[in-house]
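Asker: Quick one: structure below, then a few questions.
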Amino acid sequence: MSDTMHEKVITTDSLPARSFSYSSADQLITNHWHNSLEVLYIASGKMDTGINNAIYHLKRGDLIIINSGDIHFTRCRDYAKIYVLQVPYPLLNTHIPNYDYVRFQDSDGSVVFSNPAKVDELSRLMIQMYEITLEQKPGYTLLFSSKLYQFLFILFQRYHTDISSRTKQKSDRNLIRLKQVMNYVKSHYTQPISLEDAAQILSLNPEYFCRYFKKYMGMTFLEYVNSIRLYHIHQDLLNTNYSVSELMDRHGFTNYKLFSKMFRNTYGCPPGMFRRQQKQ
């Protein structure tokens with residue numbers, strides 16, 4: 001993802017949450033998770049977002065909630081402008097009773113809001129928080145906090161649901177297991193990684209591991225490994241002068257045909273053309 005295609009990301013230690021906006025036409029952020037609550041508002045363009053084992057095709061005017069602990073990825077195939085709000089877990093746990101057993105979603109269970117009656121107020125607050133961080137007028141941290149708490153109040157009052165202890169325990173158990181595999185891949189993606197190696201981490205047979213990983217990650221294990229490799233090659237295409245073949249060697253890709261197909265499907269053109277376009 002080209003730095004020149006991003007608006008400035010604002011981070012201030014004195015603010016209780018992170019608010020920023022970015023624009024991109026070639027973004028892929030591979031599967032990951034965090035304890036923060038994350039909310040995305042699509043101001044223009046389109047974005048694909050995967051949460052756990054579901055994929056959502058978002059368009060202009062949509063707002064999506066990524067709850068704490070959800071495994072997710074984002075991908076922009078075309079130009080899109082996104083507003084992002086990330087609320088740290090400690091703040092949520094302090095102000096929302098039994099937060100560990102709370103999920104934010106619509107009455108039908110959906111985490112995607114498309115109805116303007118539901119989106120407009122939340123998206124307006126998100127944009128206001130972002131603009132406050134840009135302007136930084138005297139006392140801006142107070143104003144930002146007031147908008148943030150108003151935003152969270154609306155979420156809690158209208159869109160929160162309680163989950164059972166059993167559901168929570170199952171989710172935590174799966175996250176712990178998948179995190180082990182994800183950390184292993186991130187540490188070894190430059191080397192050959194076999195399905196048997198990954199299955200052994202969880203003491204599962206390879207066949208069951210395949211089904212388990214696909215169920216909770218929404219992609220096969222091989223697709224996940226190659227998405228990590230692809231992400232790092234993409235970054236190096238933007239920031240280094242290594243040839244494509246050198247980058248494949250550095251990041252564990254051995255099959256050029258597969259790599260080329262994945263790159264075209266993700267970024268819309270061959271890697272060499274992509275690099276030339278970004279430099280221009």
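Residues in the structure tokens are numbered from 1 in each chain, the chains being A, B, ... in the order shown, and ligands are numbered from 1 in the order shown.
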Give one line per residue of range 41-114 of chain A that approaches range 258-279 of chain A to at most 9 Å, naming the two atoms of the closest pair and their distance in Å to one decimal, counting only C-alpha atoms; sort by chain then ascending residue number and deliver it as JSON lines.
Answerer:
{"residue": "A:Arg75", "atom": "CA", "partner": "A:Thr266", "partner_atom": "CA", "distance": 8.1}
{"residue": "A:Cys76", "atom": "CA", "partner": "A:Thr266", "partner_atom": "CA", "distance": 8.5}
{"residue": "A:Arg77", "atom": "CA", "partner": "A:Tyr267", "partner_atom": "CA", "distance": 6.5}
{"residue": "A:Asp78", "atom": "CA", "partner": "A:Tyr267", "partner_atom": "CA", "distance": 8.8}
Asker: Convert the current residue selection to file output with N, CA and C atoms, as a PDB file, in the first residue's frame.
Answerer:
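Ended up saving to again-v3.pdb:
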ATOM      1  N   ARG A  75      -9.597  -5.506   2.319  1.00  0.00           N
ATOM      2  CA  ARG A  75      -9.006  -5.462   0.980  1.00  0.00           C
ATOM      3  C   ARG A  75      -9.765  -4.447   0.134  1.00  0.00           C
ATOM      4  N   CYS A  76      -9.031  -3.545  -0.495  1.00  0.00           N
ATOM      5  CA  CYS A  76      -9.605  -2.597  -1.453  1.00  0.00           C
ATOM      6  C   CYS A  76      -9.078  -2.936  -2.838  1.00  0.00           C
ATOM      7  N   ARG A  77      -9.966  -3.312  -3.740  1.00  0.00           N
ATOM      8  CA  ARG A  77      -9.558  -3.588  -5.115  1.00  0.00           C
ATOM      9  C   ARG A  77      -9.587  -2.309  -5.960  1.00  0.00           C
ATOM     10  N   ASP A  78     -10.498  -1.413  -5.640  1.00  0.00           N
ATOM     11  CA  ASP A  78     -10.612  -0.133  -6.331  1.00  0.00           C
ATOM     12  C   ASP A  78     -10.387   0.986  -5.321  1.00  0.00           C
TER      13      ASP A  78
END
Asker: Return the single residue from A:Phe253, A:Pro206, A:Asn67, A:Ile233 that is closest to Pro192 in chain A, with distances computed using only C-alpha atoms.
Answerer: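 Between A:Phe253, A:Pro206, A:Asn67, A:Ile233, the residue approaching Pro192 in chain A most closely is A:Phe253.
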Asker: Would you tabulate, counting only C-alpha atoms, all residues of range 115-183 of chain A that have an atom at most 12 Å from an atom of range 211-214 of chain A, showing the closest pair of atoms and their distance in Å to one decimal, sorted by chain then ascending number, as JSON lines?
Answerer:
{"residue": "A:Asn174", "atom": "CA", "partner": "A:Tyr212", "partner_atom": "CA", "distance": 9.5}
{"residue": "A:Leu175", "atom": "CA", "partner": "A:Phe213", "partner_atom": "CA", "distance": 11.0}
{"residue": "A:Arg177", "atom": "CA", "partner": "A:Phe213", "partner_atom": "CA", "distance": 9.9}
{"residue": "A:Leu178", "atom": "CA", "partner": "A:Phe213", "partner_atom": "CA", "distance": 7.7}
{"residue": "A:Lys179", "atom": "CA", "partner": "A:Phe213", "partner_atom": "CA", "distance": 11.2}
{"residue": "A:Gln180", "atom": "CA", "partner": "A:Phe213", "partner_atom": "CA", "distance": 11.9}
{"residue": "A:Val181", "atom": "CA", "partner": "A:Phe213", "partner_atom": "CA", "distance": 9.4}
{"residue": "A:Met182", "atom": "CA", "partner": "A:Phe213", "partner_atom": "CA", "distance": 10.5}
Asker: Can you tell me how far CA of His34 in chain A sits from CA of Ile71 in chain A, in Å to one decimal?
Answerer: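 So the two atoms, CA of His34 in chain A and CA of Ile71 in chain A, lie 7.9 Å apart.
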Asker: Could the residues of range 8-59 of chain A that have an atom at most 12 Å from range 217-232 of chain A be listed as CSV, each with its closest atom pair and the distance in Å to one decimal, counting only C-alpha atoms and ordered by chain and ascending residue number?
Answerer:
residue,atom,partner,partner_atom,distance
A:Asp26,CA,A:Tyr231,CA,11.0
A:Gln27,CA,A:Tyr231,CA,9.3
A:Leu28,CA,A:Tyr231,CA,6.9
A:Ile29,CA,A:Tyr231,CA,7.3
A:Thr30,CA,A:Ser227,CA,6.4
A:Asn31,CA,A:Tyr224,CA,7.7
A:His32,CA,A:Met217,CA,9.7
A:Trp33,CA,A:Met217,CA,11.0
A:Thr49,CA,A:Gly218,CA,11.1
A:Gly50,CA,A:Gly218,CA,7.5
A:Ile51,CA,A:Gly218,CA,8.0
A:Asn52,CA,A:Met217,CA,5.3
A:Asn53,CA,A:Gly218,CA,3.9
A:Ala54,CA,A:Gly218,CA,6.4
A:Ile55,CA,A:Gly218,CA,7.8
A:Tyr56,CA,A:Gly218,CA,11.6
Asker: Got time to write the residues from that selection, all heavy atoms, as a compact mmCIF listing (two decimals), in the first residue's frame?
Answerer:
# COMPACT_ATOMS: atom_id res chain seq x y z
N ASP A 26 -5.21 -0.12 -3.54
CA ASP A 26 -4.45 -1.37 -3.66
C ASP A 26 -4.13 -1.95 -2.30
O ASP A 26 -3.06 -2.46 -2.06
CB ASP A 26 -3.15 -1.12 -4.42
CG ASP A 26 -2.26 -0.09 -3.74
OD1 ASP A 26 -2.59 0.35 -2.62
OD2 ASP A 26 -1.23 0.27 -4.32
N GLN A 27 -5.08 -1.90 -1.38
CA GLN A 27 -4.79 -2.28 -0.01
C GLN A 27 -5.18 -3.73 0.28
O GLN A 27 -6.25 -4.18 -0.08
CB GLN A 27 -5.54 -1.36 0.96
CG GLN A 27 -5.25 -1.69 2.42
CD GLN A 27 -6.45 -1.42 3.29
OE1 GLN A 27 -7.55 -1.85 3.00
NE2 GLN A 27 -6.24 -0.72 4.37
N LEU A 28 -4.29 -4.45 0.95
CA LEU A 28 -4.61 -5.76 1.51
C LEU A 28 -3.97 -5.84 2.88
O LEU A 28 -2.75 -5.76 3.00
CB LEU A 28 -4.08 -6.89 0.62
CG LEU A 28 -4.14 -8.30 1.25
CD1 LEU A 28 -5.59 -8.72 1.46
CD2 LEU A 28 -3.40 -9.32 0.39
N ILE A 29 -4.79 -5.96 3.91
CA ILE A 29 -4.28 -6.20 5.25
C ILE A 29 -4.75 -7.60 5.64
O ILE A 29 -5.94 -7.86 5.75
CB ILE A 29 -4.80 -5.15 6.25
CG1 ILE A 29 -4.30 -3.76 5.84
CG2 ILE A 29 -4.33 -5.48 7.67
CD1 ILE A 29 -4.78 -2.64 6.73
N THR A 30 -3.81 -8.51 5.80
CA THR A 30 -4.13 -9.91 5.98
C THR A 30 -4.77 -10.17 7.35
O THR A 30 -4.78 -9.31 8.23
CB THR A 30 -2.87 -10.78 5.84
OG1 THR A 30 -1.90 -10.34 6.80
CG2 THR A 30 -2.29 -10.65 4.45
N ASN A 31 -5.29 -11.39 7.52
CA ASN A 31 -6.00 -11.76 8.74
C ASN A 31 -5.19 -11.46 9.99
O ASN A 31 -4.02 -11.85 10.10
CB ASN A 31 -6.34 -13.25 8.70
CG ASN A 31 -7.61 -13.53 7.93
OD1 ASN A 31 -7.98 -12.76 7.05
ND2 ASN A 31 -8.28 -14.62 8.25
N HIS A 32 -5.82 -10.79 10.93
CA HIS A 32 -5.20 -10.47 12.21
C HIS A 32 -6.32 -10.24 13.23
O HIS A 32 -7.50 -10.29 12.89
CB HIS A 32 -4.32 -9.23 12.08
CG HIS A 32 -5.07 -7.98 11.74
ND1 HIS A 32 -5.57 -7.73 10.48
CD2 HIS A 32 -5.45 -6.91 12.50
CE1 HIS A 32 -6.19 -6.56 10.48
NE2 HIS A 32 -6.15 -6.05 11.69
N TRP A 33 -5.95 -9.98 14.45
CA TRP A 33 -6.96 -9.71 15.48
C TRP A 33 -6.35 -8.79 16.52
O TRP A 33 -5.14 -8.62 16.63
CB TRP A 33 -7.43 -11.01 16.14
CG TRP A 33 -6.39 -11.61 17.05
CD1 TRP A 33 -5.33 -12.40 16.67
CD2 TRP A 33 -6.28 -11.43 18.46
NE1 TRP A 33 -4.58 -12.72 17.77
CE2 TRP A 33 -5.13 -12.15 18.88
CE3 TRP A 33 -7.04 -10.74 19.41
CZ2 TRP A 33 -4.74 -12.19 20.22
CZ3 TRP A 33 -6.64 -10.78 20.74
CH2 TRP A 33 -5.50 -11.51 21.13
N THR A 49 -14.30 -6.95 3.44
CA THR A 49 -13.85 -7.18 4.81
C THR A 49 -14.26 -8.58 5.23
O THR A 49 -15.43 -8.96 5.11
CB THR A 49 -14.46 -6.17 5.78
OG1 THR A 49 -14.09 -4.85 5.38
CG2 THR A 49 -13.95 -6.41 7.20
N GLY A 50 -13.28 -9.36 5.70
CA GLY A 50 -13.58 -10.68 6.22
C GLY A 50 -13.52 -10.66 7.74
O GLY A 50 -12.57 -10.13 8.31
N ILE A 51 -14.56 -11.18 8.38
CA ILE A 51 -14.59 -11.28 9.83
C ILE A 51 -14.89 -12.72 10.19
O ILE A 51 -15.96 -13.24 9.86
CB ILE A 51 -15.64 -10.34 10.46
CG1 ILE A 51 -15.34 -8.88 10.08
CG2 ILE A 51 -15.66 -10.50 11.98
CD1 ILE A 51 -16.35 -7.90 10.65
N ASN A 52 -13.94 -13.35 10.88
CA ASN A 52 -14.03 -14.77 11.20
C ASN A 52 -14.25 -15.54 9.90
O ASN A 52 -13.41 -15.51 9.02
CB ASN A 52 -15.10 -15.00 12.26
CG ASN A 52 -14.77 -14.25 13.56
OD1 ASN A 52 -13.60 -14.14 13.92
ND2 ASN A 52 -15.78 -13.72 14.24
N ASN A 53 -15.38 -16.20 9.73
CA ASN A 53 -15.55 -17.00 8.51
C ASN A 53 -16.53 -16.38 7.52
O ASN A 53 -17.05 -17.05 6.65
CB ASN A 53 -16.01 -18.42 8.86
CG ASN A 53 -17.32 -18.41 9.65
OD1 ASN A 53 -17.80 -17.35 10.04
ND2 ASN A 53 -17.89 -19.57 9.87
N ALA A 54 -16.79 -15.08 7.66
CA ALA A 54 -17.74 -14.39 6.76
C ALA A 54 -17.01 -13.27 6.01
O ALA A 54 -16.12 -12.62 6.56
CB ALA A 54 -18.91 -13.81 7.55
N ILE A 55 -17.40 -13.05 4.76
CA ILE A 55 -16.83 -11.97 3.95
C ILE A 55 -17.95 -11.00 3.58
O ILE A 55 -19.02 -11.41 3.13
CB ILE A 55 -16.16 -12.52 2.68
CG1 ILE A 55 -14.98 -13.41 3.05
CG2 ILE A 55 -15.68 -11.37 1.79
CD1 ILE A 55 -14.27 -14.02 1.86
N TYR A 56 -17.69 -9.71 3.79
CA TYR A 56 -18.68 -8.67 3.51
C TYR A 56 -18.16 -7.77 2.40
O TYR A 56 -17.01 -7.32 2.45
CB TYR A 56 -18.94 -7.84 4.77
CG TYR A 56 -19.39 -8.66 5.96
CD1 TYR A 56 -18.46 -9.12 6.90
CD2 TYR A 56 -20.73 -9.00 6.13
CE1 TYR A 56 -18.87 -9.89 7.98
CE2 TYR A 56 -21.14 -9.76 7.21
CZ TYR A 56 -20.21 -10.20 8.14
OH TYR A 56 -20.62 -10.97 9.20
Asker: Run DSSP on the backbone of this structure and report the residues of range 54-269 of chain A it assigns to strand (DSSP E), as a PyMOL selection string.
Answerer: chain A and resi 54-59+63-66+72-76+80-87+102-104+112-113+160-162
